[in-house]
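Novice: Below: one structure in structure tokens.
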Amino acid sequence: MNNEDILTTRDLTKKYRKELAVDQVSMSIKRGDIYGFIGENGAGKTTFMRMVCGLARPSAGELKLYGVSGKRELQKARKNMGALIENPAVYPNMTAMENLEVQRRYLGIGRKDSEEMLKELLELVGLADAGRKKARNFSLGMKQRLGLAIALTGNPGFIILDEPTIGLDLVGKSELRNLLFKLNREKGLTIFFSSHDLSEMQRLATRYGFLHRGRLIKELTAQELEQECGAQGIDAEQYFLNLILNAGGEGKK
């Protein structure tokens, strides 16, 4: 595994008036990581991801993507990044294929062989049989799958997924995990995904960042998490709860 940093932040902060949504977060994601961003609802996970994607402006701190910073450099680097943040941004009156076609044009991908590429993407996420069904008639799970296909358009080297298993049943969650694991192992895709469900995250993540009240209170590898839980005789969820309790009143007020 290459140790190149795909994403690094230093004291990244987002403040809305008097409220700190993200408080001086310094972290790194390396090429080949499946980085699980764990935190309770309202911890600041989505806000942090929005800043990485350029959807929210940091109040302070530094962000580097593929080793570059600066507005123009980041804009260029983000072309090699896919994202699924909050609700999938799909056009409700378009089919799955038409939504992918819009994304293809947005990314400036040429038409040559693009139809076959988009068909393969829909097959990959389990929407090959969606046909002419409009996205407005999709279930939440189908919309999540379409959002993932949009994030994967253009074969990015890095994707950000905010709560990607929302709306999926047990089979759908298993299929998504297997797909992400396959993309990571076979194509070297670096994955940054968030959840408040640590038991679900444990089945996929290779590294973790624990966020509480806008602050990153712990980073460790999957192996280190397993070792610490074993040494303390507790499961991962209890480990995270203990981290929160030990953090006390620190963080976002």
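Quick note on naming: the chains in the structure tokens go A, B, ... in the order shown, residues restart at 1 in each chain, and ligands are numbered from 1 in order of appearance.
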Which residues are close to region 43-49 of chain A, i.e. within 6 Å by only C-alpha atoms, leaving aside same-chain residues fewer than 2 positions away? Reply as a PyMOL selection string.
Specialist: chain A and resi 21-22+39-41+51-52+212-214
Novice: Atoms to include: N, CA and C atoms. Write the selected residues as a short mmCIF file (atom, residue, chain, number, x, y, z; two decimals), in the first residue's frame.
Specialist:
data_model
loop_
_atom_site.label_atom_id
_atom_site.label_comp_id
_atom_site.auth_asym_id
_atom_site.auth_seq_id
_atom_site.Cartn_x
_atom_site.Cartn_y
_atom_site.Cartn_z
N ALA A 21 -19.14 23.74 14.39
CA ALA A 21 -19.59 22.47 13.83
C ALA A 21 -18.42 21.51 13.69
N VAL A 22 -17.26 22.04 13.30
CA VAL A 22 -16.02 21.26 13.20
C VAL A 22 -14.94 22.08 13.89
N GLY A 39 -19.12 8.76 14.37
CA GLY A 39 -19.53 9.80 15.31
C GLY A 39 -21.04 9.77 15.47
N GLU A 40 -21.51 10.23 16.60
CA GLU A 40 -22.94 10.26 16.83
C GLU A 40 -23.59 11.29 15.91
N ASN A 41 -24.91 11.24 15.77
CA ASN A 41 -25.61 12.23 14.95
C ASN A 41 -25.31 13.63 15.49
N MET A 51 -16.81 20.31 3.53
CA MET A 51 -15.63 21.16 3.33
C MET A 51 -14.62 20.48 2.41
N VAL A 52 -14.42 19.18 2.58
CA VAL A 52 -13.49 18.46 1.71
C VAL A 52 -13.96 18.52 0.26
N HIS A 212 -16.34 13.62 17.90
CA HIS A 212 -17.31 13.90 18.96
C HIS A 212 -17.38 15.41 19.17
N ARG A 213 -18.59 15.95 19.05
CA ARG A 213 -18.80 17.39 19.23
C ARG A 213 -17.84 18.23 18.39
N GLY A 214 -17.64 17.79 17.16
CA GLY A 214 -16.84 18.55 16.22
C GLY A 214 -15.35 18.33 16.32
#
Novice: Report as a PyMOL selection string: the residues of region 7-212 of chain A with a DSSP assignment of strand (DSSP E or B), based on the backbone of this structure.
Specialist: chain A and resi 7-16+19-30+34-38+60-65+68+81-84+158-162+190-195+207-212
Novice: Taking only C-alpha atoms into account, produce a table as CSV in which each residue of region 158-179 of chain A with an atom at most 9 Å from an atom of region 184-198 of chain A appears once, together with its shortest atom pair and the distance in Å to one decimal, ordered by chain and rising number.
Specialist:
residue,atom,partner,partner_atom,distance
A:Phe158,CA,A:Thr190,CA,4.7
A:Ile159,CA,A:Ile191,CA,5.2
A:Ile160,CA,A:Phe192,CA,4.8
A:Leu161,CA,A:Phe193,CA,4.5
A:Asp162,CA,A:Ser194,CA,5.0
A:Glu163,CA,A:Ser195,CA,5.0
A:Pro164,CA,A:Phe193,CA,7.4
A:Thr165,CA,A:Ser195,CA,8.5
A:Leu179,CA,A:Asn184,CA,8.6
Novice: Please run DSSP on the backbone and report, as a JSON list (two decimals) with N, CA and C atoms, in the first residue's frame, all residues within region 139-173 of chain A that come out as helix (DSSP H, G or I).
Specialist:
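Printed below is out09.json as written:
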[["chain", "number", "residue", "atom", "x", "y", "z"],
["A", 140, "LEU", "N", -35.61, 4.68, -1.57],
["A", 140, "LEU", "CA", -34.45, 5.36, -1.01],
["A", 140, "LEU", "C", -33.18, 4.55, -1.27],
["A", 141, "GLY", "N", -33.30, 3.23, -1.16],
["A", 141, "GLY", "CA", -32.15, 2.38, -1.43],
["A", 141, "GLY", "C", -31.67, 2.50, -2.86],
["A", 142, "MET", "N", -32.61, 2.55, -3.82],
["A", 142, "MET", "CA", -32.23, 2.70, -5.23],
["A", 142, "MET", "C", -31.57, 4.05, -5.47],
["A", 143, "LYS", "N", -32.07, 5.09, -4.78],
["A", 143, "LYS", "CA", -31.45, 6.41, -4.93],
["A", 143, "LYS", "C", -30.03, 6.39, -4.37],
["A", 144, "GLN", "N", -29.81, 5.66, -3.27],
["A", 144, "GLN", "CA", -28.46, 5.54, -2.73],
["A", 144, "GLN", "C", -27.54, 4.86, -3.74],
["A", 145, "ARG", "N", -28.04, 3.82, -4.40],
["A", 145, "ARG", "CA", -27.25, 3.11, -5.40],
["A", 145, "ARG", "C", -26.92, 4.01, -6.58],
["A", 146, "LEU", "N", -27.91, 4.81, -7.00],
["A", 146, "LEU", "CA", -27.67, 5.73, -8.11],
["A", 146, "LEU", "C", -26.66, 6.79, -7.70],
["A", 147, "GLY", "N", -26.77, 7.28, -6.47],
["A", 147, "GLY", "CA", -25.80, 8.26, -5.98],
["A", 147, "GLY", "C", -24.39, 7.70, -5.99],
["A", 148, "LEU", "N", -24.26, 6.43, -5.63],
["A", 148, "LEU", "CA", -22.94, 5.79, -5.66],
["A", 148, "LEU", "C", -22.43, 5.69, -7.09],
["A", 149, "ALA", "N", -23.31, 5.33, -8.03],
["A", 149, "ALA", "CA", -22.90, 5.25, -9.43],
["A", 149, "ALA", "C", -22.43, 6.61, -9.94],
["A", 150, "ILE", "N", -23.14, 7.66, -9.54],
["A", 150, "ILE", "CA", -22.73, 9.02, -9.94],
["A", 150, "ILE", "C", -21.36, 9.35, -9.36],
["A", 151, "ALA", "N", -21.14, 8.96, -8.10],
["A", 151, "ALA", "CA", -19.85, 9.22, -7.46],
["A", 151, "ALA", "C", -18.71, 8.48, -8.15],
["A", 152, "LEU", "N", -19.02, 7.33, -8.73],
["A", 152, "LEU", "CA", -17.99, 6.51, -9.38],
["A", 152, "LEU", "C", -17.79, 6.86, -10.85],
["A", 170, "LEU", "N", -30.61, -5.48, 4.75],
["A", 170, "LEU", "CA", -29.43, -6.25, 5.12],
["A", 170, "LEU", "C", -28.68, -6.77, 3.90],
["A", 171, "VAL", "N", -29.44, -7.24, 2.90],
["A", 171, "VAL", "CA", -28.81, -7.73, 1.67],
["A", 171, "VAL", "C", -28.12, -6.59, 0.95],
["A", 172, "GLY", "N", -28.81, -5.45, 0.86],
["A", 172, "GLY", "CA", -28.22, -4.29, 0.18],
["A", 172, "GLY", "C", -26.96, -3.80, 0.85],
["A", 173, "LYS", "N", -26.95, -3.81, 2.19],
["A", 173, "LYS", "CA", -25.75, -3.39, 2.92],
["A", 173, "LYS", "C", -24.59, -4.34, 2.64]]
Novice: Need to verify the contact set: Asn99 (chain A), 12 Å, only C-alpha atoms, exclusion of same-chain residues closer than 2 positions in sequence. Can you return it as a PyMOL selection string?
Specialist: chain A and resi 88-97+101-106+118-119+121-122+132-136+143+146-151+153
Novice: What does the distance from CA of Asp23 (chain A) to CA of Leu55 (chain A) come to in Å, to one decimal?
Specialist: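 Rounded to one decimal, the two atoms are 17.5 Å apart.
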Novice: Figure out the distance between CA of Glu86 (chain A) and CA of Ile244 (chain A), please, to one decimal in Å.
Specialist: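 These two atoms are separated by 24.2 Å.
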Novice: Considering only C-alpha atoms, can you say which of A:Leu84, A:Leu20, A:Ile6, A:Ala205 comes closest to Val68 (chain A)?
Specialist: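 Closest residue, counting only C-alpha atoms: A:Ile6.
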Novice: Grab the CA of Arg207 (chain A) to CA of Gly230 (chain A) distance for me, in Å with one decimal place.
Specialist: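 Between CA of Arg207 (chain A) and CA of Gly230 (chain A) the gap works out to 17.0 Å.
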Novice: Using only C-alpha atoms, determine which residues lie at most 6 Å from Gly61 (chain A), disregarding the query and same-chain residues fewer than 6 positions distant; provide the list as an MDAnalysis selection string.
Specialist: chainID A and resid 10:13
Novice: Would you mind listing what lies within 12 Å of Asp235 (chain A) as a ChimeraX atom specification, with only C-alpha atoms counted and same-chain residues fewer than 4 positions away left out?
Specialist: /A:198-199,202,225-231,239-242
Novice: Env of Glu219 (chain A): 7 Å cut, atoms = only C-alpha atoms, seq-sep filter 5 positions within chain, self excluded. Answer as a ChimeraX atom specification.
Specialist: /A:208-210
